[in-house]
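Colleague: Below is one structure. I have some questions about it.
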Amino acid sequence: MRPTTGSQQRPALDPALKNSFLCLIERRFGLHLSEQQGQGLDEAVQRLLAGSAYADPVALYGAFAAGRSLDLFEKLAAALTIGETHFFRVGPQMEALRRVVLPDVIARRAGERRLRLWSAGCASGEEPATLAILVREGLPLADEWDAQILATDISHAALEAGRRATYGEWSFRDTPDEVRRRHFTPEGTRWRLVEPLRRMVHFAQLNLAADTFPSADVAGSGFDVILCRNVTIYFSMEATQRLYRRFADALARGGWLVLGPSDPSPQLPGPLAPVYLPGAVLWRRPADAAVRPASPHVPGQRQKSPPPGRPLAPADRLGPAGGRPAPAGAPGEASADLKRVRALAHGGNRTAAREAAERLARAQPLVAEAHLLLGMLYLDVGAVEPAAESLRRAAFIDPHNPLTQFGLARACLRRGDEVRARTMLTHTRRLLAPAPDDQAIAGGGGLQAGELRQALEVQLASLEPVAGSPATR
Ligand SMILES: C[S@@+](CC[C@H](N)C(=O)[O-])C[C@H]1O[C@@H](n2cnc3c(N)ncnc32)[C@H](O)[C@@H]1O
């Protein structure tokens, strides 16, 4: 083979050869490229040839088809996809991770103190670094845990960037400044992820379309959370569903899969069940059911997720679709425990009630009422910040519960923030407006709408009037 130089002008790929390249790329990497992405193929092949030992595109194709020069072939595949990414990408998914997913897996793993997360298709590392930050912030005794994040991509260049872990301004476009200051140190015009978080992330090269995982070498099994976002948008439907089935095998029971909002959904019925949270649909391997084989793929069928932010019917909110068994942590299981906690509180045993509520909220992170009850118990002993955090979790899962909003208003008052308290009390009033006086309030242990209304009006009346706006109406 004759070495070539980059300066040589080459003719465009002949259409039949171009088609052969595209078919081979789809077979090996799952990438089903659009016509527009395919247009980049000419240029990418020419760039690859320059400096390589191959004389022309035909020789290059022959080598790839025969399974040689895999590194060059991977380079070509990486060049045809966009490695666009940034920290805390897709806010509602980050909130779901922070408020539901991580508390759930932390509770499940409390015994062994071990967490395994995987960012599949991690590009230059912003996604696994975000996971590291969320784990660090969600795990009070992080140093006592063995928390590891696997970050894989097909692109060696992207993995190298991830290992360097220094990022420019653009990567932080969704990151609050104070989070950046806490977890990064400035380095010239860039920012470097702090060492303890860097050590949590392990980068490795993996082609997600290859049949090499779950396996011992790169991505094994037992993952608590897998993120694979904005990768399968490039995949054929067949490669996508095959990949999702392998993710299900790689997840621990009860483990979570987070896909990008534009990625196709896993086939239903299948081994993964959807969990609907505000603005985000996540997928979960059921905790106590054997993984079922997925039904055969229907060619061309793309399953659309419900639109983000749509109001969720209660039955729709947390449960798996398709009549599958409910995952552990489903709301029905919690009601007896909630009653027990309330009985302890009513019996005057506040400490025992609080401890039981803490255990319940950890075990049932998807049950808004568990967080609400815990928040109220914290408020009763003046633990304002833990109360506010529990109530925010409850509000995240069920934003329409007036008692949660009332609790948040009380937390604001305890902090001396009358302005926010007033806003929340007014919001509570609006939520309560349609409820008849004798309607029971969810999570209120028998509290009726009329009673809550009265309490809230008393509270509003006690606030200083604001100039220009009536205090209570
Ligand atoms: C748009 S980036 C997504 C980055 C990150 N997950 C996010 O959502 O911010 C897509 C990444 O998928 C990688 N990728 C594409 N095909 C792949 C394959 N077959 N195996 C592994 N990674 C692949 C690309 O190299 C690229 O870095």
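Chain labels A, B, ... are given in the sequence in which chains occur in the structure tokens; within each chain residues are numbered consecutively from 1, and ligands are likewise numbered from 1 in the order shown.
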Around ligand 1, out to 6 Å and counting only C-alpha atoms and all ligand atoms, which residues are there? I want them as JSON, numbers by chain.
Modeller: {"A": [29, 30, 78, 81, 82, 83, 84, 85, 86, 121, 122, 123, 127, 153, 154, 155, 206, 207, 208, 209, 228, 229, 230, 231]}
Colleague: Would you kindly return, as a PyMOL selection string, each protein, DNA or RNA residue with an atom no farther than 12 Å from any atom of A:Met376, considering only C-alpha atoms and excluding same-chain residues fewer than 6 positions away?
Modeller: chain A and resi 341-342+345+350+353-354+357-358+369-370+382-392+394+403-411+443-445
Colleague: Take the residues from that selection and put them in a file with N, CA and C atoms, as an mmCIF file, in the first residue's frame.
Modeller:
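Listing of again_37.cif after writing:
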```cif
data_model
loop_
_atom_site.group_PDB
_atom_site.id
_atom_site.type_symbol
_atom_site.label_atom_id
_atom_site.label_comp_id
_atom_site.auth_asym_id
_atom_site.auth_seq_id
_atom_site.Cartn_x
_atom_site.Cartn_y
_atom_site.Cartn_z
ATOM 1 N N VAL A 341 -46.179 5.191 61.113
ATOM 2 C CA VAL A 341 -45.396 6.379 61.486
ATOM 3 C C VAL A 341 -46.317 7.404 62.146
ATOM 4 N N ARG A 342 -47.492 7.585 61.537
ATOM 5 C CA ARG A 342 -48.440 8.551 62.115
ATOM 6 C C ARG A 342 -48.861 8.147 63.513
ATOM 7 N N ALA A 345 -46.275 9.135 65.886
ATOM 8 C CA ALA A 345 -46.261 10.579 66.112
ATOM 9 C C ALA A 345 -47.431 10.996 67.006
ATOM 10 N N ARG A 350 -42.127 11.172 69.130
ATOM 11 C CA ARG A 350 -41.688 11.942 67.961
ATOM 12 C C ARG A 350 -40.363 11.427 67.394
ATOM 13 N N ALA A 353 -40.968 8.278 65.624
ATOM 14 C CA ALA A 353 -41.739 8.562 64.408
ATOM 15 C C ALA A 353 -40.822 9.110 63.323
ATOM 16 N N ARG A 354 -39.937 10.034 63.743
ATOM 17 C CA ARG A 354 -39.043 10.637 62.746
ATOM 18 C C ARG A 354 -38.102 9.595 62.161
ATOM 19 N N ALA A 357 -39.967 7.477 59.824
ATOM 20 C CA ALA A 357 -40.269 8.210 58.586
ATOM 21 C C ALA A 357 -39.023 8.315 57.715
ATOM 22 N N GLU A 358 -37.866 8.484 58.345
ATOM 23 C CA GLU A 358 -36.619 8.547 57.553
ATOM 24 C C GLU A 358 -36.395 7.225 56.827
ATOM 25 N N GLU A 369 -45.975 11.040 49.829
ATOM 26 C CA GLU A 369 -46.480 11.189 51.200
ATOM 27 C C GLU A 369 -45.427 10.825 52.249
ATOM 28 N N ALA A 370 -44.514 9.935 51.898
ATOM 29 C CA ALA A 370 -43.462 9.581 52.862
ATOM 30 C C ALA A 370 -42.555 10.795 53.104
ATOM 31 N N GLY A 382 -38.109 21.821 64.436
ATOM 32 C CA GLY A 382 -37.318 22.991 64.031
ATOM 33 C C GLY A 382 -36.124 22.662 63.134
ATOM 34 N N ALA A 383 -36.102 21.452 62.568
ATOM 35 C CA ALA A 383 -35.004 21.102 61.648
ATOM 36 C C ALA A 383 -35.399 21.610 60.257
ATOM 37 N N VAL A 384 -35.163 22.901 60.026
ATOM 38 C CA VAL A 384 -35.759 23.563 58.864
ATOM 39 C C VAL A 384 -35.176 23.047 57.534
ATOM 40 N N GLU A 385 -33.852 22.920 57.468
ATOM 41 C CA GLU A 385 -33.270 22.532 56.163
ATOM 42 C C GLU A 385 -33.648 21.103 55.764
ATOM 43 N N PRO A 386 -33.498 20.116 56.683
ATOM 44 C CA PRO A 386 -33.964 18.775 56.305
ATOM 45 C C PRO A 386 -35.450 18.775 55.961
ATOM 46 N N ALA A 387 -36.227 19.600 56.677
ATOM 47 C CA ALA A 387 -37.671 19.658 56.387
ATOM 48 C C ALA A 387 -37.888 20.158 54.968
ATOM 49 N N ALA A 388 -37.192 21.258 54.633
ATOM 50 C CA ALA A 388 -37.391 21.849 53.301
ATOM 51 C C ALA A 388 -36.974 20.850 52.223
ATOM 52 N N GLU A 389 -35.883 20.122 52.450
ATOM 53 C CA GLU A 389 -35.418 19.165 51.440
ATOM 54 C C GLU A 389 -36.458 18.048 51.254
ATOM 55 N N SER A 390 -36.982 17.514 52.367
ATOM 56 C CA SER A 390 -37.991 16.446 52.253
ATOM 57 C C SER A 390 -39.239 16.966 51.562
ATOM 58 N N LEU A 391 -39.644 18.182 51.914
ATOM 59 C CA LEU A 391 -40.856 18.724 51.301
ATOM 60 C C LEU A 391 -40.642 19.017 49.818
ATOM 61 N N ARG A 392 -39.416 19.433 49.479
ATOM 62 C CA ARG A 392 -39.141 19.661 48.046
ATOM 63 C C ARG A 392 -39.209 18.342 47.286
ATOM 64 N N ALA A 394 -41.115 15.835 48.087
ATOM 65 C CA ALA A 394 -42.547 15.523 47.976
ATOM 66 C C ALA A 394 -43.181 16.362 46.865
ATOM 67 N N LEU A 403 -50.893 20.509 51.074
ATOM 68 C CA LEU A 403 -50.238 20.387 52.384
ATOM 69 C C LEU A 403 -48.716 20.498 52.243
ATOM 70 N N THR A 404 -48.193 19.959 51.144
ATOM 71 C CA THR A 404 -46.749 20.079 50.897
ATOM 72 C C THR A 404 -46.369 21.546 50.731
ATOM 73 N N GLN A 405 -47.187 22.271 49.958
ATOM 74 C CA GLN A 405 -46.895 23.696 49.740
ATOM 75 C C GLN A 405 -47.014 24.473 51.048
ATOM 76 N N PHE A 406 -47.984 24.076 51.863
ATOM 77 C CA PHE A 406 -48.163 24.729 53.164
ATOM 78 C C PHE A 406 -46.924 24.462 54.039
ATOM 79 N N GLY A 407 -46.439 23.232 54.001
ATOM 80 C CA GLY A 407 -45.231 22.884 54.764
ATOM 81 C C GLY A 407 -44.035 23.700 54.286
ATOM 82 N N LEU A 408 -43.918 23.858 52.972
ATOM 83 C CA LEU A 408 -42.802 24.654 52.429
ATOM 84 C C LEU A 408 -42.917 26.108 52.878
ATOM 85 N N ALA A 409 -44.167 26.605 52.914
ATOM 86 C CA ALA A 409 -44.379 27.987 53.395
ATOM 87 C C ALA A 409 -43.934 28.097 54.852
ATOM 88 N N ARG A 410 -44.275 27.083 55.655
ATOM 89 C CA ARG A 410 -43.856 27.113 57.074
ATOM 90 C C ARG A 410 -42.335 27.106 57.189
ATOM 91 N N ALA A 411 -41.687 26.328 56.303
ATOM 92 C CA ALA A 411 -40.212 26.286 56.343
ATOM 93 C C ALA A 411 -39.649 27.670 56.015
ATOM 94 N N GLY A 443 -52.024 12.648 52.377
ATOM 95 C CA GLY A 443 -50.840 12.725 53.241
ATOM 96 C C GLY A 443 -51.117 13.473 54.535
ATOM 97 N N GLY A 444 -52.378 13.870 54.752
ATOM 98 C CA GLY A 444 -52.703 14.671 55.937
ATOM 99 C C GLY A 444 -53.182 13.854 57.118
ATOM 100 N N GLY A 445 -53.267 12.532 56.988
ATOM 101 C CA GLY A 445 -53.691 11.679 58.103
ATOM 102 C C GLY A 445 -55.062 12.086 58.627
#
```
Colleague: Write out as a ChimeraX atom specification which residues come within 12 Å of stretch 166-179 of chain A when counting only C-alpha atoms, dropping same-chain ones fewer than 5 positions away.
Modeller: /A:84-92,94,123-127,129-130,133-134,136-137,160-161,184-195,198
Colleague: Just the helix (DSSP H, G or I) stuff from stretch 72-273 of chain A, please, per backbone DSSP, written as a ChimeraX atom specification.
Modeller: /A:72-80,91-108,126-138,142-144,156-164,169-172,177-183,195-200,232-234,237-250
Colleague: Would you work out the distance separating atom CA of A:Ala336 from atom CA of A:Glu355, expressed in Å to one decimal?
Modeller: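 Going from atom CA of A:Ala336 over to atom CA of A:Glu355, I get 16.0 Å.
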Colleague: Neighbours of A:Trp256 within 9 Å (only C-alpha atoms; same-chain residues fewer than 6 positions away dropped), as a list in words?
Modeller: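 The residues satisfying every condition are Val101, Val105, Phe223, Asp224, Val225, Ile226, Leu227, Ala248, Leu272, Leu282, Trp283, Arg284 and Arg285 of chain A.
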Colleague: Now that the selection is made, can you save its residues with N, CA and C atoms as a tab-separated table (two decimals), in the first residue's frame?
Modeller:
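What follows is the written file result_30.tsv:
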```tsv
chain	number	residue	atom	x	y	z
A	101	VAL	N	-33.87	9.06	41.84
A	101	VAL	CA	-33.05	7.91	41.48
A	101	VAL	C	-31.91	7.69	42.49
A	105	VAL	N	-31.28	4.44	44.95
A	105	VAL	CA	-30.18	3.46	44.87
A	105	VAL	C	-29.29	3.55	46.12
A	223	PHE	N	-25.22	-2.74	37.47
A	223	PHE	CA	-25.23	-1.28	37.53
A	223	PHE	C	-26.50	-0.78	38.20
A	224	ASP	N	-26.34	0.25	39.02
A	224	ASP	CA	-27.50	0.85	39.67
A	224	ASP	C	-28.18	1.85	38.75
A	225	VAL	N	-27.37	2.54	37.97
A	225	VAL	CA	-27.91	3.56	37.05
A	225	VAL	C	-27.09	3.52	35.77
A	226	ILE	N	-27.77	3.55	34.64
A	226	ILE	CA	-27.08	3.71	33.36
A	226	ILE	C	-27.67	4.94	32.67
A	227	LEU	N	-26.81	5.84	32.25
A	227	LEU	CA	-27.25	6.94	31.38
A	227	LEU	C	-26.77	6.66	29.97
A	248	ALA	N	-30.65	-3.72	30.03
A	248	ALA	CA	-31.49	-4.36	31.07
A	248	ALA	C	-30.70	-5.48	31.76
A	272	LEU	N	-37.79	-3.60	30.61
A	272	LEU	CA	-37.69	-2.32	31.32
A	272	LEU	C	-39.07	-1.68	31.41
A	282	LEU	N	-38.27	7.90	32.91
A	282	LEU	CA	-37.09	7.07	33.14
A	282	LEU	C	-37.50	5.61	32.98
A	283	TRP	N	-36.51	4.74	32.91
A	283	TRP	CA	-36.78	3.32	32.70
A	283	TRP	C	-36.13	2.53	33.82
A	284	ARG	N	-36.79	1.42	34.16
A	284	ARG	CA	-36.31	0.73	35.34
A	284	ARG	C	-36.42	-0.77	35.15
A	285	ARG	N	-35.40	-1.49	35.60
A	285	ARG	CA	-35.52	-2.94	35.64
A	285	ARG	C	-36.28	-3.28	36.92
```
Colleague: By how many Å are atom CA of A:Asp14 and atom CA of A:Phe235 apart?
Modeller: 24.1 Å
Colleague: Could you give me, as a ChimeraX atom specification, each residue of stretch 3-140 of chain A that DSSP assigns to strand (DSSP E or B) when run on this structure's backbone?
Modeller: /A:31,114-120
Colleague: With only C-alpha atoms as the basis for distance, which of A:Ile233, A:Leu24, A:Leu131, A:Ala363 is at the shortest distance from A:Ser262?
Modeller: A:Ile233
Colleague: Would you work out the distance separating atom CA of A:Leu374 from atom CA of A:Ala352, expressed in Å to one decimal?
Modeller: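 Atom-to-atom, atom CA of A:Leu374 and atom CA of A:Ala352 are spaced 11.6 Å apart.
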